[in-house]
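Step one of this worksheet: look at the structure below.
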Amino acid sequence: MFQPDIAGNVGTILRLGACLGVGIDLIEPMGFPWSDRALARAGMDYAAQASVVRHVDWDAFRAQLPGRLVLLTTRGAVPLPDTRFEASDTLLLGSEGSGVPEAVHAAADLAVAIPMRPEMRSLNVAVAGAMVVGEALRQTGGWPAFG
C-alpha cells in the first residue's frame, strides 16, 4: 500500500494478508499513527498474524522489489480479466485520497484496472485489493490449502 490514509483499510488489507498468507508492504508516510493502540482501534487484531514490512519511503520499497510491480489503478491499461499474473508480482494499491504520483505510475511494469460501470469513480481500496489478490492467487496456484 502506497502511503495509506485510512487505518481501517489497512486493517482490512492486513486481515486479508494474514488469512491468505500474502505479505503486506506499507510505504510511508501513512495518514495515521502506527501503534498498538491505533491498530486495536482500527480492529487490526490480525496484524500480529500478518507478514508486514514497513518502508520509510518509495525509494526504500523499490530497492527491495523482487519481481514485476503491478499497479492497481483506475487509470490502468489492462483490464483485470485480461491480466496475466506471475508468482513474483508485487501488487501496489495507492493511497485512498490521492492514488499514486506520476513517478510511481511510470515505474509500474503493469497497470491494472477493474472494469466497472462508467458512472462509478472507484471501488474501496481494500475491496479492489481483495479482488485482484484473489485473481492473482487463482492464476499462480497460490491459494492456501483448503480444510
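Residues are named by chain letter and number: chains run A, B, ... in the order of the C-alpha cells, numbers start at 1 in each chain, and ligands are numbered from 1 in the order shown.
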What lies within 6 Å of range 84-94 of chain A using only C-alpha atoms, ignoring chain neighbours under 6 positions off, as a compact mmCIF listing (two decimals) with all heavy atoms, in the first residue's frame?
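Done, and the output landed in out-v4.txt:
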```
# COMPACT_ATOMS: atom_id res chain seq x y z
N MET A 1 0.85 -1.17 0.00
CA MET A 1 0.00 0.00 0.00
C MET A 1 0.89 1.24 0.00
O MET A 1 1.78 1.35 0.83
CB MET A 1 -0.91 0.03 1.22
CG MET A 1 -1.91 -1.12 1.27
SD MET A 1 -3.12 -0.93 2.61
CE MET A 1 -4.21 0.26 1.87
N PHE A 2 0.62 2.13 -0.93
CA PHE A 2 1.38 3.36 -1.04
C PHE A 2 0.75 4.44 -0.17
O PHE A 2 -0.37 4.88 -0.42
CB PHE A 2 1.42 3.82 -2.50
CG PHE A 2 2.23 5.06 -2.71
CD1 PHE A 2 3.59 4.98 -2.93
CD2 PHE A 2 1.63 6.32 -2.71
CE1 PHE A 2 4.35 6.12 -3.13
CE2 PHE A 2 2.38 7.46 -2.90
CZ PHE A 2 3.74 7.37 -3.11
N GLY A 67 10.23 -8.69 -8.17
CA GLY A 67 9.71 -9.01 -9.50
C GLY A 67 9.01 -7.81 -10.10
O GLY A 67 9.38 -6.67 -9.84
N ARG A 68 7.96 -8.09 -10.87
CA ARG A 68 7.22 -7.01 -11.50
C ARG A 68 6.40 -6.22 -10.48
O ARG A 68 5.87 -6.78 -9.52
CB ARG A 68 6.23 -7.56 -12.54
CG ARG A 68 6.83 -8.23 -13.72
CD ARG A 68 5.80 -8.55 -14.78
NE ARG A 68 4.59 -9.20 -14.25
CZ ARG A 68 3.51 -9.46 -14.97
NH1 ARG A 68 3.47 -9.13 -16.26
NH2 ARG A 68 2.47 -10.06 -14.44
N LEU A 69 6.27 -4.94 -10.75
CA LEU A 69 5.40 -4.07 -9.96
C LEU A 69 4.10 -3.93 -10.74
O LEU A 69 4.09 -3.43 -11.87
CB LEU A 69 6.04 -2.70 -9.74
CG LEU A 69 5.18 -1.72 -8.95
CD1 LEU A 69 4.95 -2.22 -7.53
CD2 LEU A 69 5.84 -0.35 -8.94
N VAL A 70 3.01 -4.40 -10.13
CA VAL A 70 1.69 -4.35 -10.76
C VAL A 70 0.84 -3.34 -9.98
O VAL A 70 0.49 -3.57 -8.83
CB VAL A 70 1.02 -5.74 -10.76
CG1 VAL A 70 -0.37 -5.67 -11.37
CG2 VAL A 70 1.89 -6.76 -11.49
N LEU A 71 0.55 -2.23 -10.63
CA LEU A 71 -0.20 -1.14 -10.01
C LEU A 71 -1.69 -1.32 -10.27
O LEU A 71 -2.10 -1.49 -11.42
CB LEU A 71 0.27 0.20 -10.57
CG LEU A 71 -0.47 1.44 -10.09
CD1 LEU A 71 -0.28 1.63 -8.58
CD2 LEU A 71 0.02 2.67 -10.86
N LEU A 72 -2.49 -1.30 -9.21
CA LEU A 72 -3.94 -1.30 -9.35
C LEU A 72 -4.37 0.15 -9.42
O LEU A 72 -4.07 0.94 -8.51
CB LEU A 72 -4.60 -1.97 -8.14
CG LEU A 72 -4.55 -3.48 -8.09
CD1 LEU A 72 -3.14 -4.02 -8.05
CD2 LEU A 72 -5.33 -3.97 -6.91
N VAL A 100 -1.52 7.29 -6.54
CA VAL A 100 -0.06 7.35 -6.55
C VAL A 100 0.39 8.47 -7.48
O VAL A 100 -0.31 8.81 -8.43
CB VAL A 100 0.59 6.01 -6.98
CG1 VAL A 100 0.23 4.89 -6.03
CG2 VAL A 100 0.24 5.65 -8.41
N ALA A 136 -5.01 -13.10 -8.74
CA ALA A 136 -3.58 -13.42 -8.85
C ALA A 136 -3.28 -14.78 -8.21
O ALA A 136 -2.53 -15.58 -8.77
CB ALA A 136 -2.74 -12.32 -8.21
N THR A 140 -1.83 -18.15 -10.18
CA THR A 140 -0.49 -18.64 -9.84
C THR A 140 -0.50 -19.86 -8.94
O THR A 140 0.56 -20.34 -8.53
CB THR A 140 0.34 -17.51 -9.17
OG1 THR A 140 -0.31 -17.11 -7.96
CG2 THR A 140 0.49 -16.31 -10.10
```
Report as a tab-separated table the residues of range 44-93 of chain A within 8 Å of range 113-130 of chain A, each with its shortest atom pair and distance in Å (one decimal), using only C-alpha atoms, ordered by chain and increasing residue number.
```
residue	atom	partner	partner_atom	distance
A:Leu72	CA	A:Ala113	CA	6.0
A:Thr73	CA	A:Ala113	CA	5.4
A:Thr74	CA	A:Ala113	CA	5.3
A:Arg75	CA	A:Ala113	CA	6.6
A:Gly76	CA	A:Ala113	CA	4.4
A:Ala77	CA	A:Ala113	CA	6.8
A:Val78	CA	A:Ala113	CA	6.1
A:Pro79	CA	A:Ala113	CA	5.0
A:Leu80	CA	A:Ile114	CA	5.2
A:Leu93	CA	A:Gly129	CA	6.9
```
Residues just named, written with all heavy atoms as a JSON list (two decimals), in the first residue's frame:
```json
[["chain", "number", "residue", "atom", "x", "y", "z"],
["A", 72, "LEU", "N", -2.49, -1.30, -9.21],
["A", 72, "LEU", "CA", -3.94, -1.30, -9.35],
["A", 72, "LEU", "C", -4.37, 0.15, -9.42],
["A", 72, "LEU", "O", -4.07, 0.94, -8.51],
["A", 72, "LEU", "CB", -4.60, -1.97, -8.14],
["A", 72, "LEU", "CG", -4.55, -3.48, -8.09],
["A", 72, "LEU", "CD1", -3.14, -4.02, -8.05],
["A", 72, "LEU", "CD2", -5.33, -3.97, -6.91],
["A", 73, "THR", "N", -5.02, 0.52, -10.50],
["A", 73, "THR", "CA", -5.35, 1.93, -10.72],
["A", 73, "THR", "C", -6.60, 2.07, -11.57],
["A", 73, "THR", "O", -6.87, 1.22, -12.42],
["A", 73, "THR", "CB", -4.16, 2.66, -11.40],
["A", 73, "THR", "OG1", -4.55, 3.99, -11.72],
["A", 73, "THR", "CG2", -3.70, 1.94, -12.65],
["A", 74, "THR", "N", -7.33, 3.12, -11.34],
["A", 74, "THR", "CA", -8.48, 3.41, -12.19],
["A", 74, "THR", "C", -8.02, 3.84, -13.58],
["A", 74, "THR", "O", -8.79, 3.84, -14.51],
["A", 74, "THR", "CB", -9.36, 4.52, -11.58],
["A", 74, "THR", "OG1", -8.57, 5.68, -11.36],
["A", 74, "THR", "CG2", -9.98, 4.04, -10.27],
["A", 75, "ARG", "N", -6.75, 4.18, -13.70],
["A", 75, "ARG", "CA", -6.16, 4.57, -14.99],
["A", 75, "ARG", "C", -5.41, 3.41, -15.63],
["A", 75, "ARG", "O", -4.57, 3.61, -16.50],
["A", 75, "ARG", "CB", -5.20, 5.74, -14.79],
["A", 75, "ARG", "CG", -5.87, 6.98, -14.26],
["A", 75, "ARG", "CD", -4.93, 8.10, -13.93],
["A", 75, "ARG", "NE", -3.65, 8.05, -14.57],
["A", 75, "ARG", "CZ", -2.57, 8.66, -14.13],
["A", 75, "ARG", "NH1", -2.62, 9.38, -13.04],
["A", 75, "ARG", "NH2", -1.43, 8.58, -14.78],
["A", 76, "GLY", "N", -5.70, 2.21, -15.23],
["A", 76, "GLY", "CA", -4.99, 1.04, -15.72],
["A", 76, "GLY", "C", -5.17, 0.82, -17.21],
["A", 76, "GLY", "O", -6.20, 1.13, -17.79],
["A", 77, "ALA", "N", -4.14, 0.28, -17.82],
["A", 77, "ALA", "CA", -4.16, 0.00, -19.26],
["A", 77, "ALA", "C", -4.71, -1.39, -19.54],
["A", 77, "ALA", "O", -5.22, -1.64, -20.62],
["A", 77, "ALA", "CB", -2.74, 0.12, -19.83],
["A", 78, "VAL", "N", -4.62, -2.30, -18.58],
["A", 78, "VAL", "CA", -5.04, -3.69, -18.80],
["A", 78, "VAL", "C", -6.22, -3.99, -17.87],
["A", 78, "VAL", "O", -6.10, -3.87, -16.65],
["A", 78, "VAL", "CB", -3.88, -4.67, -18.51],
["A", 78, "VAL", "CG1", -4.32, -6.10, -18.74],
["A", 78, "VAL", "CG2", -2.66, -4.33, -19.34],
["A", 79, "PRO", "N", -7.36, -4.40, -18.43],
["A", 79, "PRO", "CA", -8.48, -4.79, -17.56],
["A", 79, "PRO", "C", -8.13, -6.06, -16.77],
["A", 79, "PRO", "O", -7.45, -6.95, -17.29],
["A", 79, "PRO", "CB", -9.62, -5.07, -18.55],
["A", 79, "PRO", "CG", -9.18, -4.52, -19.86],
["A", 79, "PRO", "CD", -7.69, -4.47, -19.85],
["A", 80, "LEU", "N", -8.60, -6.13, -15.56],
["A", 80, "LEU", "CA", -8.30, -7.28, -14.71],
["A", 80, "LEU", "C", -8.56, -8.63, -15.39],
["A", 80, "LEU", "O", -7.71, -9.51, -15.33],
["A", 80, "LEU", "CB", -9.08, -7.19, -13.38],
["A", 80, "LEU", "CG", -8.90, -8.36, -12.42],
["A", 80, "LEU", "CD1", -7.44, -8.57, -12.03],
["A", 80, "LEU", "CD2", -9.77, -8.16, -11.19],
["A", 93, "LEU", "N", -1.30, -0.93, -4.21],
["A", 93, "LEU", "CA", -2.51, -0.14, -4.05],
["A", 93, "LEU", "C", -2.09, 1.28, -3.69],
["A", 93, "LEU", "O", -1.20, 1.48, -2.88],
["A", 93, "LEU", "CB", -3.36, -0.70, -2.90],
["A", 93, "LEU", "CG", -3.81, -2.14, -3.02],
["A", 93, "LEU", "CD1", -4.34, -2.64, -1.69],
["A", 93, "LEU", "CD2", -4.86, -2.26, -4.10]]
```
For this session: Give the alpha helix (DSSP H) residues of chain A, as DSSP finds them on the backbone, and put them as an MDAnalysis selection string.
Result: chainID A and resid 7:20 36:41 58:63 102:107 125:140
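The space between CA of Trp143 in chain A and CA of Glu28 in chain A spans 28.3 Å.
Of the listed residues A:Pro144, A:Gly23, A:Gly134, A:Gly8, the one whose atoms come nearest to Gln49 in chain A is A:Gly23, with distances taken using only C-alpha atoms.
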request  = Name the residues of range 15-137 of chain A that come out as strand (DSSP E or B) in a backbone DSSP run; write them as a ChimeraX atom specification.
outcome  = /A:24-27,52-55,69-72,78-79,90-92,95,99,110-113
Output of the above residues as an mmCIF file, in the first residue's frame, restricted to C-alpha atoms:
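So result_28.cif came out as:
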```cif
data_model
loop_
_atom_site.group_PDB
_atom_site.id
_atom_site.type_symbol
_atom_site.label_atom_id
_atom_site.label_comp_id
_atom_site.auth_asym_id
_atom_site.auth_seq_id
_atom_site.Cartn_x
_atom_site.Cartn_y
_atom_site.Cartn_z
ATOM 1 C CA ILE A 24 1.912 -6.789 3.063
ATOM 2 C CA ASP A 25 4.229 -3.854 2.363
ATOM 3 C CA LEU A 26 3.310 -0.440 3.744
ATOM 4 C CA ILE A 27 5.047 2.554 2.166
ATOM 5 C CA VAL A 52 4.131 -6.814 7.318
ATOM 6 C CA VAL A 53 7.107 -4.827 6.101
ATOM 7 C CA ARG A 54 7.093 -1.059 6.585
ATOM 8 C CA HIS A 55 9.192 1.044 4.217
ATOM 9 C CA LEU A 69 5.399 -4.074 -9.963
ATOM 10 C CA VAL A 70 1.685 -4.354 -10.759
ATOM 11 C CA LEU A 71 -0.204 -1.144 -10.011
ATOM 12 C CA LEU A 72 -3.935 -1.301 -9.345
ATOM 13 C CA VAL A 78 -5.039 -3.686 -18.797
ATOM 14 C CA PRO A 79 -8.479 -4.793 -17.565
ATOM 15 C CA THR A 90 4.018 -7.313 -6.232
ATOM 16 C CA LEU A 91 0.594 -5.677 -6.288
ATOM 17 C CA LEU A 92 0.526 -1.999 -5.360
ATOM 18 C CA SER A 95 -3.469 5.961 -1.157
ATOM 19 C CA GLY A 99 -3.720 7.278 -5.538
ATOM 20 C CA LEU A 110 1.870 -3.270 -15.439
ATOM 21 C CA ALA A 111 -1.158 -1.074 -14.653
ATOM 22 C CA VAL A 112 -4.374 -2.981 -14.000
ATOM 23 C CA ALA A 113 -7.918 -1.636 -13.791
#
```
Judged by only C-alpha atoms, the minimum distance to Leu20 in chain A among A:Ile6, A:Ala106, A:Ala50, A:Ala60 is found for A:Ala50
message: With distances taken over only C-alpha atoms, which residue among A:Ala108, A:Val132, A:Gly31, A:Glu102 lies nearest Leu65 in chain A?
response: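 Among A:Ala108, A:Val132, A:Gly31, A:Glu102, it is A:Ala108 that comes nearest to Leu65 in chain A.
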